[in-house]
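Reviewing the structure listed below.
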Amino acid sequence: MKIIMLGAPGAGKGTQAKQIAGKYQIPHISTGDIFRANIKEGTPLGAKAKEYMDQGLLVPDELVVELVADRIIKEDCKDGFVLDGFPRTIPQAKALDEALSKMGEKMDYAIDVDVPDENIVNRMGGRRACLSCGATYHIVNIPTKAEGICDKCGSAVVLRDDDKPETVQKRLAVYHEQTQPLIEYYSAQGILKSVDGTRPMDDVFADIVRILGA
Ligand code: AP5
Ligand code: MG
């Protein structure tokens, strides 16, 4: 099962993708997480990506496409994968289609997690992320058991650099301009499904399971 998660920054793509990956036993591939891991490790890719991420801009397509194309040919992707945060532009979507068609394959579902902009800013300000294991929380909706400490690995949880309100506004504008056109792109391919991302997390997941089949 090959799935794309679409949706604005903070819509809950990562939250749902992790659950899908767990239930269907397929890898969760988040380009944002890959970049953050590279930033943390101080790699040249991380340094380049950080310049764009901190401004709320997209990392250039050429830095992302190869990364994903190399990842989805790995052995653990043979039964499928869930892409979170990729593709984000029409050229990325076309490159993905090309990479898959070389393998005689295609995407099965593009799931749009729909949340209006008004809800997003609140969510992002409350999000806390563990930079060690990638777990995400929300100070009100999904709090950590001990304040500021990751439930899973015990490291500190922090506000992401790009979750500051002014950067969130920029990310939303970039989303509407460059990523939203993908909804039409996948609708035309007949694989678009939409879920109401304003509902509680577990209800959103139940809707997704209904779409994917138990
Ligand atoms: P990325 O890491 O992908 O960030 P994003 O798309 O902006 O999305 P987020 O991770 O912020 O949100 P999410 O939808 O995963 O929401 P979450 O589940 O955490 O990318 C970061 C940057 O990297 C980009 O800006 C860009 O620069 C670069 N980049 C990455 N991929 C790229 C690409 N392909 N091309 C170019 N550049 C790229 O949920 C958000 C919060 O809400 C959490 O606190 C969560 O707990 C809470 N929450 C979730 N669901 C619910 C719910 N149903 N109800 C209440 N609260 C909820
Ligand atoms: Mg995410």
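Naming works like this for the structure tokens: A, B, ... for the chains as they're shown, residue 1 at the start of each chain, ligands 1 onward in shown order.
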
List all protein, DNA and RNA residues that have any atom at most 12 Å from ligand 2, counting only C-alpha atoms and all ligand atoms, and write the list as a compact mmCIF listing (two decimals) with N, CA, C and O atoms, in the first residue's frame.
```txt
# COMPACT_ATOMS: atom_id res chain seq x y z
N MET A 5 0.52 11.47 2.30
CA MET A 5 -0.25 12.33 3.20
C MET A 5 -0.13 13.77 2.70
O MET A 5 0.98 14.32 2.61
N LEU A 6 -1.27 14.37 2.38
CA LEU A 6 -1.28 15.78 1.98
C LEU A 6 -1.90 16.59 3.11
O LEU A 6 -2.65 16.05 3.92
N GLY A 7 -1.64 17.88 3.11
CA GLY A 7 -2.26 18.73 4.12
C GLY A 7 -1.33 19.87 4.48
O GLY A 7 -0.11 19.79 4.29
N ALA A 8 -1.91 20.93 5.02
CA ALA A 8 -1.16 22.11 5.41
C ALA A 8 -0.16 21.76 6.51
O ALA A 8 -0.29 20.73 7.17
N PRO A 9 0.82 22.63 6.75
CA PRO A 9 1.70 22.43 7.90
C PRO A 9 0.84 22.36 9.17
O PRO A 9 -0.05 23.19 9.36
N GLY A 10 1.07 21.36 9.99
CA GLY A 10 0.32 21.26 11.24
C GLY A 10 -1.04 20.61 11.11
O GLY A 10 -1.80 20.52 12.08
N ALA A 11 -1.38 20.10 9.93
CA ALA A 11 -2.71 19.48 9.75
C ALA A 11 -2.80 18.15 10.48
O ALA A 11 -3.90 17.67 10.78
N GLY A 12 -1.63 17.55 10.77
CA GLY A 12 -1.63 16.25 11.43
C GLY A 12 -1.13 15.13 10.53
O GLY A 12 -1.36 13.96 10.80
N LYS A 13 -0.41 15.49 9.48
CA LYS A 13 0.14 14.47 8.57
C LYS A 13 1.04 13.50 9.32
O LYS A 13 0.92 12.29 9.18
N GLY A 14 1.96 14.06 10.10
CA GLY A 14 2.93 13.22 10.82
C GLY A 14 2.23 12.35 11.86
O GLY A 14 2.51 11.15 11.96
N THR A 15 1.31 12.94 12.60
CA THR A 15 0.56 12.20 13.63
C THR A 15 -0.14 11.00 13.01
O THR A 15 -0.06 9.88 13.52
N GLN A 16 -0.82 11.20 11.90
CA GLN A 16 -1.57 10.11 11.26
C GLN A 16 -0.63 9.14 10.55
O GLN A 16 -0.84 7.93 10.60
N ALA A 17 0.43 9.67 9.91
CA ALA A 17 1.35 8.79 9.18
C ALA A 17 2.00 7.77 10.12
O ALA A 17 2.18 6.61 9.76
N LYS A 18 2.34 8.22 11.34
CA LYS A 18 2.96 7.29 12.30
C LYS A 18 2.00 6.15 12.64
O LYS A 18 2.40 5.00 12.76
N HIS A 28 7.38 4.79 7.51
CA HIS A 28 6.92 6.18 7.51
C HIS A 28 8.09 7.03 7.02
O HIS A 28 9.12 7.07 7.67
N ILE A 29 7.91 7.67 5.88
CA ILE A 29 9.00 8.46 5.31
C ILE A 29 8.62 9.94 5.35
O ILE A 29 7.77 10.39 4.58
N SER A 30 9.23 10.67 6.28
CA SER A 30 8.95 12.09 6.43
C SER A 30 10.16 12.88 5.99
O SER A 30 11.23 12.78 6.60
N THR A 31 10.03 13.66 4.91
CA THR A 31 11.18 14.44 4.44
C THR A 31 11.57 15.49 5.48
O THR A 31 12.75 15.76 5.67
N GLY A 32 10.58 16.05 6.18
CA GLY A 32 10.90 17.01 7.25
C GLY A 32 11.75 16.36 8.33
O GLY A 32 12.75 16.93 8.79
N ASP A 33 11.39 15.14 8.75
CA ASP A 33 12.18 14.43 9.77
C ASP A 33 13.59 14.13 9.25
O ASP A 33 14.56 14.22 10.01
N ILE A 34 13.68 13.76 7.97
CA ILE A 34 15.01 13.46 7.41
C ILE A 34 15.88 14.71 7.44
O ILE A 34 17.05 14.67 7.83
N PHE A 35 15.29 15.86 7.06
CA PHE A 35 16.07 17.11 7.11
C PHE A 35 16.45 17.46 8.55
O PHE A 35 17.58 17.85 8.81
N ARG A 36 15.49 17.32 9.49
CA ARG A 36 15.82 17.67 10.89
C ARG A 36 16.92 16.75 11.43
O ARG A 36 17.79 17.21 12.17
N LEU A 83 4.26 8.34 2.67
CA LEU A 83 5.05 9.55 2.47
C LEU A 83 4.39 10.71 3.20
O LEU A 83 3.20 10.97 3.02
N ASP A 84 5.18 11.40 4.02
CA ASP A 84 4.66 12.50 4.85
C ASP A 84 5.49 13.74 4.56
O ASP A 84 6.66 13.79 4.88
N GLY A 85 4.87 14.71 3.89
CA GLY A 85 5.60 15.94 3.55
C GLY A 85 6.26 15.88 2.18
O GLY A 85 7.02 16.78 1.83
N PHE A 86 5.99 14.86 1.44
CA PHE A 86 6.49 14.72 0.08
C PHE A 86 5.44 13.98 -0.72
O PHE A 86 4.91 12.99 -0.22
N VAL A 113 -5.44 15.67 4.63
CA VAL A 113 -5.92 15.96 5.99
C VAL A 113 -6.28 17.45 6.01
O VAL A 113 -5.41 18.31 6.00
N MET A 124 0.31 24.75 16.09
CA MET A 124 1.77 24.76 15.95
C MET A 124 2.43 25.40 17.16
O MET A 124 3.50 24.96 17.57
N ARG A 127 2.67 22.75 19.73
CA ARG A 127 3.37 21.50 19.43
C ARG A 127 4.72 21.48 20.13
O ARG A 127 5.43 22.47 20.20
N ARG A 128 5.07 20.31 20.64
CA ARG A 128 6.42 20.10 21.17
C ARG A 128 6.96 18.86 20.48
O ARG A 128 6.25 17.87 20.35
N ALA A 129 8.21 18.94 20.04
CA ALA A 129 8.79 17.82 19.30
C ALA A 129 10.04 17.32 20.01
O ALA A 129 10.80 18.12 20.56
N GLY A 134 11.85 11.92 17.49
CA GLY A 134 10.87 12.37 16.50
C GLY A 134 9.42 12.37 16.98
O GLY A 134 8.53 12.75 16.24
N ALA A 135 9.18 11.94 18.22
CA ALA A 135 7.80 11.94 18.73
C ALA A 135 7.28 13.38 18.82
O ALA A 135 8.06 14.31 19.06
N THR A 136 5.96 13.56 18.57
CA THR A 136 5.41 14.91 18.70
C THR A 136 4.27 14.91 19.70
O THR A 136 3.53 13.93 19.85
N TYR A 137 4.11 16.04 20.36
CA TYR A 137 3.09 16.21 21.40
C TYR A 137 2.42 17.56 21.19
O TYR A 137 2.84 18.35 20.35
N ARG A 160 9.66 23.59 17.78
CA ARG A 160 10.51 23.59 16.59
C ARG A 160 10.82 25.02 16.17
O ARG A 160 9.99 25.90 16.29
N ASP A 162 10.84 26.32 13.34
CA ASP A 162 9.93 26.86 12.32
C ASP A 162 8.47 26.90 12.81
O ASP A 162 7.57 27.17 12.03
N ASP A 163 8.23 26.66 14.10
CA ASP A 163 6.87 26.77 14.64
C ASP A 163 6.60 28.12 15.30
O ASP A 163 5.57 28.31 15.95
```

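Considering only region 41-127 of chain A, backbone DSSP assigns strand (DSSP E) to A:Phe81, A:Val82, A:Leu83, A:Asp84, A:Tyr109, A:Ala110, A:Ile111, A:Asp112, A:Val113, A:Asp114, A:Arg127.
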
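For the choices A:Ser194, A:Thr43, A:Gln180, A:Asn141, the atom-to-atom distance to ligand 1 is smallest for A:Asn141 when using only C-alpha atoms and all ligand atoms.
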
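Remark: for Pro165 (chain A), the closest of the candidate residues A:Lys78, A:Lys48, A:Lys40, A:Arg123 is A:Arg123 (distances computed over only C-alpha atoms).
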
Got a sec to tell me which of chain A DSSP assigns to alpha helix (DSSP H), as number ranges by chain? A: 13-24, 31-41, 44-53, 61-71, 90-102, 117-126, 165-174, 181-188, 201-212

Residues at most 10 Å from region 59-64 of chain A, counting only C-alpha atoms, excluding those fewer than 4 positions away in the same chain, as a PyMOL selection string? chain A and resi 31-32+34-35+45+48-53+68-69+86-92+95

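Here CA of Asp76 (chain A) and CA of Ile20 (chain A) stand 15.3 Å from one another.
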
Just checking: using only C-alpha atoms, which residue out of A:Glu177, A:Glu41, A:Glu184, A:Asp203 ends up closest to Asp112 (chain A)? A:Glu184

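Proximity of A:Lys164, A:Lys193, A:Lys145, A:His138 to ligand 1, computed with only C-alpha atoms and all ligand atoms, is greatest for A:His138.
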
Which one is closest to ligand 1: A:Gly197, A:Gly46, A:Gly213, A:Gly154? Count only C-alpha atoms and all ligand atoms. A:Gly197

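Using only C-alpha atoms, the protein and nucleic acid residues lying no more than 9 Å from Val195 (chain A), apart from those fewer than 4 places from it along its own chain, are Ile111, Asp112, Val113, Asp114, Val204, Asp207 and Ile208 of chain A.
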
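Here the question is which of A:Met201, A:Leu67, A:Leu192, A:Val82 gets nearest to ligand 1 using only C-alpha atoms and all ligand atoms, and that residue is A:Met201.
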
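If you look at CA of Cys77 (chain A) and CA of Ile26 (chain A), they are 6.9 Å away from each other.
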
Quick one: residues within 8 Å of Val157 (chain A), only C-alpha atoms, excluding same-chain residues fewer than 3 positions away - as a PyMOL selection string? chain A and resi 128-131+148-150
